[in-house]
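Novice: Sharing protein.cif, mmCIF, C-alpha atoms:
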data_my_file
loop_
_atom_site.label_atom_id
_atom_site.label_comp_id
_atom_site.auth_asym_id
_atom_site.auth_seq_id
_atom_site.Cartn_x
_atom_site.Cartn_y
_atom_site.Cartn_z
CA MET A 584 63.11 25.24 61.30
CA ASP A 585 61.68 22.90 63.96
CA LYS A 586 59.56 23.69 67.01
CA LYS A 587 62.59 24.37 69.21
CA ASP A 588 64.01 26.92 66.75
CA TYR A 589 60.59 28.54 66.36
CA THR A 590 60.18 28.88 70.14
CA ILE A 591 63.64 30.41 70.59
CA ILE A 592 63.06 32.95 67.81
CA ASN A 593 59.62 33.91 69.14
CA ASN A 594 61.01 34.40 72.64
CA ALA A 595 63.77 36.62 71.26
CA LYS A 596 61.24 38.64 69.22
CA ASN A 597 59.11 39.21 72.32
CA THR A 598 62.00 40.26 74.56
CA ILE A 599 64.06 42.22 72.02
CA PRO A 600 61.81 44.28 69.70
CA GLU A 601 64.75 45.33 67.52
CA PHE A 602 65.54 41.68 66.83
CA GLY A 603 61.94 41.02 65.84
CA ASP A 604 61.93 43.85 63.28
CA THR A 605 65.27 42.75 61.81
CA PHE A 606 64.20 39.11 61.65
CA GLU A 607 60.95 39.91 59.83
CA LYS A 608 62.80 42.10 57.35
CA CYS A 609 65.40 39.40 56.62
CA LYS A 610 62.67 36.76 56.27
CA LYS A 611 60.76 38.80 53.72
CA GLU A 612 63.90 39.52 51.68
CA HIS A 613 64.93 35.86 51.83
CA TYR A 614 61.61 34.58 50.51
CA LYS A 615 61.44 37.30 47.88
CA THR A 616 64.80 36.14 46.52
CA LEU A 617 63.74 32.49 46.77
CA SER A 618 60.51 33.28 44.95
CA ILE A 619 62.31 34.84 41.97
CA ALA A 620 64.82 31.98 41.72
CA SER A 621 62.11 29.33 42.03
CA HIS A 622 59.96 30.97 39.36
CA GLU A 623 62.85 31.20 36.89
CA LEU A 624 63.87 27.56 37.44
CA LEU A 625 60.31 26.32 37.04
CA ASN A 626 59.99 28.20 33.73
CA HIS A 627 63.01 26.38 32.28
CA ILE A 628 61.93 23.00 33.63
CA SER A 629 58.40 23.45 32.29
CA PHE A 630 59.88 24.18 28.84
CA LEU A 631 61.88 20.94 29.01
CA ASN A 632 58.77 19.04 30.05
CA SER A 633 56.68 20.46 27.20
CA SER A 634 59.45 19.79 24.67
CA TYR A 635 59.82 16.19 25.85
CA ASP A 636 56.07 15.56 25.49
CA LEU A 637 55.99 17.15 22.03
CA ILE A 638 58.94 15.10 20.74
CA SER A 639 57.49 11.89 22.22
CA LYS A 640 54.12 12.43 20.48
CA THR A 641 55.65 13.55 17.17
CA TYR A 642 58.16 10.70 17.05
CA PRO A 643 56.67 7.60 18.75
CA GLU A 644 59.82 5.64 17.96
CA THR A 645 61.63 7.62 20.66
CA LYS A 646 60.11 5.30 23.27
CA ASN A 647 62.51 2.62 22.01
CA MET A 648 65.53 4.88 22.39
CA ARG A 649 67.87 4.09 25.26
CA PHE A 650 67.34 6.27 28.34
CA TRP A 651 64.47 8.25 26.71
CA ASN A 652 61.84 7.07 29.18
CA SER A 653 64.27 7.55 32.06
CA MET A 654 64.85 11.12 30.97
CA GLY A 655 61.11 11.73 30.88
CA THR A 656 60.74 10.35 34.39
CA SER A 657 63.54 12.60 35.63
CA ILE A 658 61.99 15.70 34.05
CA TYR A 659 58.60 14.84 35.57
CA GLU A 660 60.08 14.32 39.03
CA ILE A 661 62.02 17.60 38.89
CA THR A 662 58.90 19.48 37.73
CA ASN A 663 56.84 17.92 40.52
CA MET A 664 59.47 18.77 43.11
CA MET A 665 59.62 22.40 41.98
CA LYS A 666 55.83 22.69 42.24
CA ARG A 667 55.97 21.32 45.78
CA LEU A 668 58.75 23.78 46.62
CA ASN A 669 56.48 26.56 45.37
CA LEU A 670 53.92 25.40 47.94
CA CYS A 671 56.58 25.76 50.64
CA ARG A 672 57.28 29.28 49.39
CA TYR A 673 53.61 30.31 49.33
CA CYS A 674 53.08 28.96 52.84
CA THR A 675 55.22 31.81 54.12
CA PHE A 676 52.62 34.47 53.37
CA PRO A 677 49.18 33.40 54.64
CA ASN A 678 46.22 35.41 53.41
CA LYS A 679 44.02 35.14 56.50
CA GLU A 680 40.25 35.35 56.64
CA ASN A 681 37.44 33.82 58.69
CA VAL A 682 37.46 30.04 58.10
CA THR A 683 35.06 27.40 59.44
CA LEU A 684 37.21 24.35 60.16
CA ASN A 685 34.23 21.98 60.24
CA ASP A 686 33.40 22.65 56.58
CA LEU A 687 37.04 22.32 55.54
CA ILE A 688 37.46 18.96 57.29
CA TYR A 689 34.32 17.43 55.75
CA GLN A 690 35.69 18.42 52.34
CA LEU A 691 38.71 16.11 52.69
CA PRO A 692 37.13 12.81 51.46
CA ASP A 693 36.24 14.46 48.13
CA GLU A 694 39.76 15.88 47.88
CA ALA A 695 41.19 12.41 48.51
CA ASP A 696 38.94 10.78 45.89
CA ASN A 697 40.28 13.20 43.29
CA ALA A 698 43.91 12.63 44.30
CA TYR A 699 43.63 8.82 44.66
CA PRO A 700 40.90 7.61 42.27
CA ASP A 701 42.19 4.02 42.35
CA SER A 702 42.36 3.75 46.15
CA GLU A 703 39.60 3.36 48.70
CA ARG A 704 39.71 4.63 52.28
CA ARG A 705 36.98 5.18 54.83
CA PHE A 706 36.82 8.39 56.84
CA ARG A 707 35.46 8.55 60.37
CA PHE A 708 34.85 11.95 61.96
CA ASP A 709 34.63 13.15 65.54
CA ILE A 710 33.96 16.87 65.08
CA PRO A 711 32.15 19.20 67.53
CA THR A 712 28.67 20.23 66.43
CA GLU A 713 29.51 23.85 67.20
CA LYS A 714 31.27 25.65 64.38
CA ILE A 715 34.97 26.25 64.91
CA ASN A 716 35.91 29.55 63.27
CA ILE A 717 39.52 30.70 63.06
CA ASN A 718 41.39 33.50 61.32
CA ALA A 719 43.46 31.57 58.79
CA ASP A 720 44.42 31.04 55.16
CA LYS A 721 41.84 28.53 53.88
CA GLU A 722 43.95 27.40 50.92
CA GLN A 723 47.00 26.76 53.09
CA LEU A 724 44.99 24.81 55.68
CA LEU A 725 43.57 22.63 52.92
CA ILE A 726 47.07 22.02 51.57
CA ALA A 727 48.31 20.99 55.04
CA PHE A 728 45.34 18.68 55.63
CA ASN A 729 45.74 17.07 52.20
CA GLU A 730 49.45 16.45 52.85
CA ILE A 731 48.56 14.54 56.02
CA VAL A 732 45.77 12.60 54.28
CA SER A 733 48.28 11.72 51.55
CA ASN A 734 50.57 10.26 54.22
CA CYS A 735 47.65 8.23 55.56
CA TYR A 736 46.82 6.85 52.12
CA GLU A 737 50.38 5.81 51.38
CA ALA A 738 50.84 4.15 54.77
CA GLY A 739 47.65 2.09 54.60
CA ASN A 740 45.62 -0.21 52.37
CA ASP A 741 42.18 -0.20 50.75
CA ASN A 742 39.26 0.00 53.22
CA ASP A 743 41.50 1.22 56.04
CA ILE A 744 39.90 3.85 58.25
CA ILE A 745 41.27 7.38 58.63
CA ASP A 746 40.02 8.96 61.84
CA ILE A 747 39.78 12.74 61.90
CA CYS A 748 38.84 14.51 65.11
CA ALA A 749 38.83 18.13 66.24
CA SER A 750 39.11 19.43 69.78
CA LEU A 751 39.35 22.81 71.48
CA SER A 752 41.81 23.61 74.24
CA ASP A 753 40.37 24.24 77.72
CA ASP A 754 40.89 27.99 77.34
CA LYS A 755 39.40 27.97 73.81
CA THR A 756 42.54 29.57 72.33
CA HIS A 757 43.69 26.63 70.20
CA CYS A 758 42.09 23.96 68.07
CA THR A 759 43.79 20.64 67.34
CA ILE A 760 42.94 18.52 64.30
CA THR A 761 44.11 14.91 64.68
CA PHE A 762 44.52 12.42 61.81
CA THR A 763 44.96 8.78 62.85
CA ASN A 764 45.67 5.97 60.40
CA LYS A 765 46.83 2.38 60.43
CA GLY A 766 50.59 2.18 60.09
CA THR A 767 53.67 2.95 62.13
CA LEU A 768 56.58 5.31 61.69
CA PRO A 769 59.88 3.96 60.37
CA ASP A 770 62.80 3.30 62.68
CA ILE A 771 64.46 6.72 62.50
CA LYS A 772 68.21 6.88 62.94
CA ILE A 773 70.40 9.72 61.72
CA PRO A 774 74.06 10.61 62.28
CA LYS A 775 74.69 12.82 65.29
CA ASP A 776 76.45 15.22 62.96
CA PHE A 777 75.11 15.55 59.41
CA ARG A 778 78.58 16.54 58.28
CA GLN A 779 79.85 13.10 59.22
CA ILE A 780 77.62 10.91 57.10
CA CYS A 781 79.94 7.91 57.45
CA THR A 782 79.92 7.92 61.24
CA LYS A 783 78.46 4.88 63.02
CA ASP A 784 77.35 7.01 65.96
CA PHE A 785 73.59 7.35 65.56
CA TYR A 786 70.80 8.69 67.74
CA TYR A 787 67.03 8.70 67.76
CA PRO A 788 65.72 12.26 67.39
CA ASP A 789 62.29 13.57 68.31
CA ASP A 790 60.16 12.10 65.51
CA ILE A 791 58.52 15.27 64.28
CA ASN A 792 61.74 17.30 64.36
CA ILE A 793 63.28 15.06 61.72
CA LEU A 794 60.08 14.10 59.85
CA SER A 795 59.13 17.74 59.30
CA MET A 796 62.59 18.62 57.99
CA ALA A 797 62.58 19.52 54.29
CA PHE A 798 63.88 16.73 52.01
CA TYR A 799 64.06 14.11 54.77
CA THR A 800 62.17 11.00 53.62
CA THR A 801 62.22 7.26 54.24
CA LYS A 802 60.14 6.47 51.13
CA PRO A 803 61.72 5.74 47.73
CA GLY A 804 60.64 8.24 45.07
CA HIS A 805 59.50 10.85 47.60
CA PHE A 806 60.95 14.31 48.22
CA GLY A 807 60.26 14.71 51.94
CA LEU A 808 58.20 17.88 51.58
CA GLY A 809 54.73 16.86 52.79
CA LEU A 810 55.19 17.15 56.55
CA PHE A 811 57.52 20.12 56.07
CA ILE A 812 54.68 21.96 54.29
CA ALA A 813 52.14 20.95 56.95
CA ASN A 814 54.47 22.06 59.73
CA THR A 815 55.14 25.41 58.02
CA VAL A 816 51.40 26.07 57.72
CA CYS A 817 50.94 25.29 61.42
CA LEU A 818 53.79 27.59 62.48
CA ASN A 819 52.44 30.43 60.35
CA HIS A 820 49.09 30.10 62.11
CA GLY A 821 50.47 30.22 65.64
CA GLY A 822 50.40 26.47 66.13
CA CYS A 823 52.52 23.36 65.75
CA LEU A 824 52.60 19.85 64.33
CA ASP A 825 53.08 16.82 66.59
CA VAL A 826 53.11 13.09 66.00
CA THR A 827 52.34 10.14 68.27
CA HIS A 828 52.39 6.44 67.43
CA ASP A 829 52.07 2.96 68.88
CA ASP A 830 52.56 -0.55 67.46
CA THR A 831 49.73 -0.25 64.93
CA HIS A 832 48.69 3.37 64.39
CA THR A 833 50.17 6.82 63.83
CA SER A 834 48.47 10.12 64.70
CA PHE A 835 49.32 13.57 63.38
CA HIS A 836 48.14 16.50 65.52
CA LEU A 837 47.87 19.92 63.81
CA SER A 838 47.29 22.74 66.25
CA PHE A 839 46.13 26.23 65.27
CA ALA A 840 45.59 29.40 67.27
CA ILE A 841 42.01 30.66 67.30
#
Would you mind writing the structure in this file as structure tokens?
Specialist:
Amino acid sequence: MDKKDYTIINNAKNTIPEFGDTFEKCKKEHYKTLSIASHELLNHISFLNSSYDLISKTYPETKNMRFWNSMGTSIYEITNMMKRLNLCRYCTFPNKENVTLNDLIYQLPDEADNAYPDSERRFRFDIPTEKININADKEQLLIAFNEIVSNCYEAGNDNDIIDICASLSDDKTHCTITFTNKGTLPDIKIPKDFRQICTKDFYYPDDINILSMAFYTTKPGHFGLGLFIANTVCLNHGGCLDVTHDDTHTSFHLSFAI
């Protein structure tokens, strides 16, 4: 669901109360079903992963068997994808409490060091001295921020600077966290109709509408879930995710209602 869909649904919920009640009921049932299916699949995949590791350690000669390593890579990638899908599922039900955004933002360099121990980036902050408190799910916000930082790491090189700034709207109802890094977005072209993959008729969509779509990625070996997760967190907190870019830098703007 992109920003346009979200706006249409919210307008309908506000003007037709019956629609809002029905929509919320369907959404809860949908994610309940998805949760059960996801949990069952992950159980089976985790068993395969554990079995593969046990066999590999017990019989070292398996590493010389044809396709054995490829099978291990496939199992790992499927397990990783299912864990990321679980994040998407959890993002649907925020557990909100009072959160100080300043503290959460200054935590990000340590988070990045743990996730990328062999990479080096410099962080530069432009954060108001006054504390910015919002009613939000702290864990989900951290997940969204880390997904954006991950994008910044993968787009740049060692010693690149990641700028993080926070700003309040004029009416003090929204806060926007902006991540800017060196690197530009890929040249995005998709078929006008996804059902006609072979068509030569392409168009350039609004960047964030396609980038925040689940499973859309331009990077080999990636699942296309990072910006989808970040966007879902924003939507569930009364905000949105936007992207701007020029010839050298890309900025991700995460807005949250205060």
Novice: Under the PyMOL selection byres ((chain A and resi 717) around 9), which residues of this model are included? Write them out as a list in words.
Specialist: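 What the PyMOL selection byres ((chain A and resi 717) around 9) grabs from the file is Glu680, Asn681, Val682, Thr683, Leu684, Ile715, Asn716, Asn718, Ala719, Cys758, Phe839, Ala840 and Ile841 of chain A.
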Novice: Suppose a student applies the PyMOL selection byres ((chain A and resi 740-749) around 6) to this structure; what residues should they get, written as a list in words?
Specialist: Glu703, Arg704, Arg705, Phe706, Arg707, Phe708, Asp709, Ile710, Gly739, Ser750, Thr759, Ile760, Thr761, Phe762, Thr763 and Asn764 of chain A
Novice: My list of candidates is A:Asn626, A:Asn814, A:Pro711, A:Glu601. Which is closest to Ile731 (chain A) when distances are computed with all atoms listed in the file?
Specialist: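 Using all atoms listed in the file, Ile731 (chain A) sits closest to A:Asn814.
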Novice: Could you tell me which of A:Asn594, A:Ser838, A:Thr815, A:Ser633 comes closest to Ser752 (chain A) if we count all atoms listed in the file?
Specialist: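 Going through A:Asn594, A:Ser838, A:Thr815, A:Ser633 one by one, the smallest distance to Ser752 (chain A) is for A:Ser838.
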Novice: For the provided coordinates, the residues matched by the PyMOL selection byres ((chain A and resi 822) around 8) should be stated as a VMD selection string.
Specialist: chain A and resid 757 817 to 821 823 to 824 837 to 840
Novice: Report, as AutoDock Vina command-line options, the centre and edge lengths in Å (one decimal) of the axis-aligned box enclosing every listed atom of region 820-829 of chain A, padded by 8 Å on each side.
Specialist:
--center_x 51.1 --center_y 16.6 --center_z 65.5 --size_x 20.0 --size_y 43.3 --size_z 22.8
Novice: Would you mind reading off the distance between CA of Asn729 (chain A) and CA of Glu694 (chain A), one decimal, in Å?
Specialist: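 Answer for the CA of Asn729 (chain A) to CA of Glu694 (chain A) separation: 7.5 Å.
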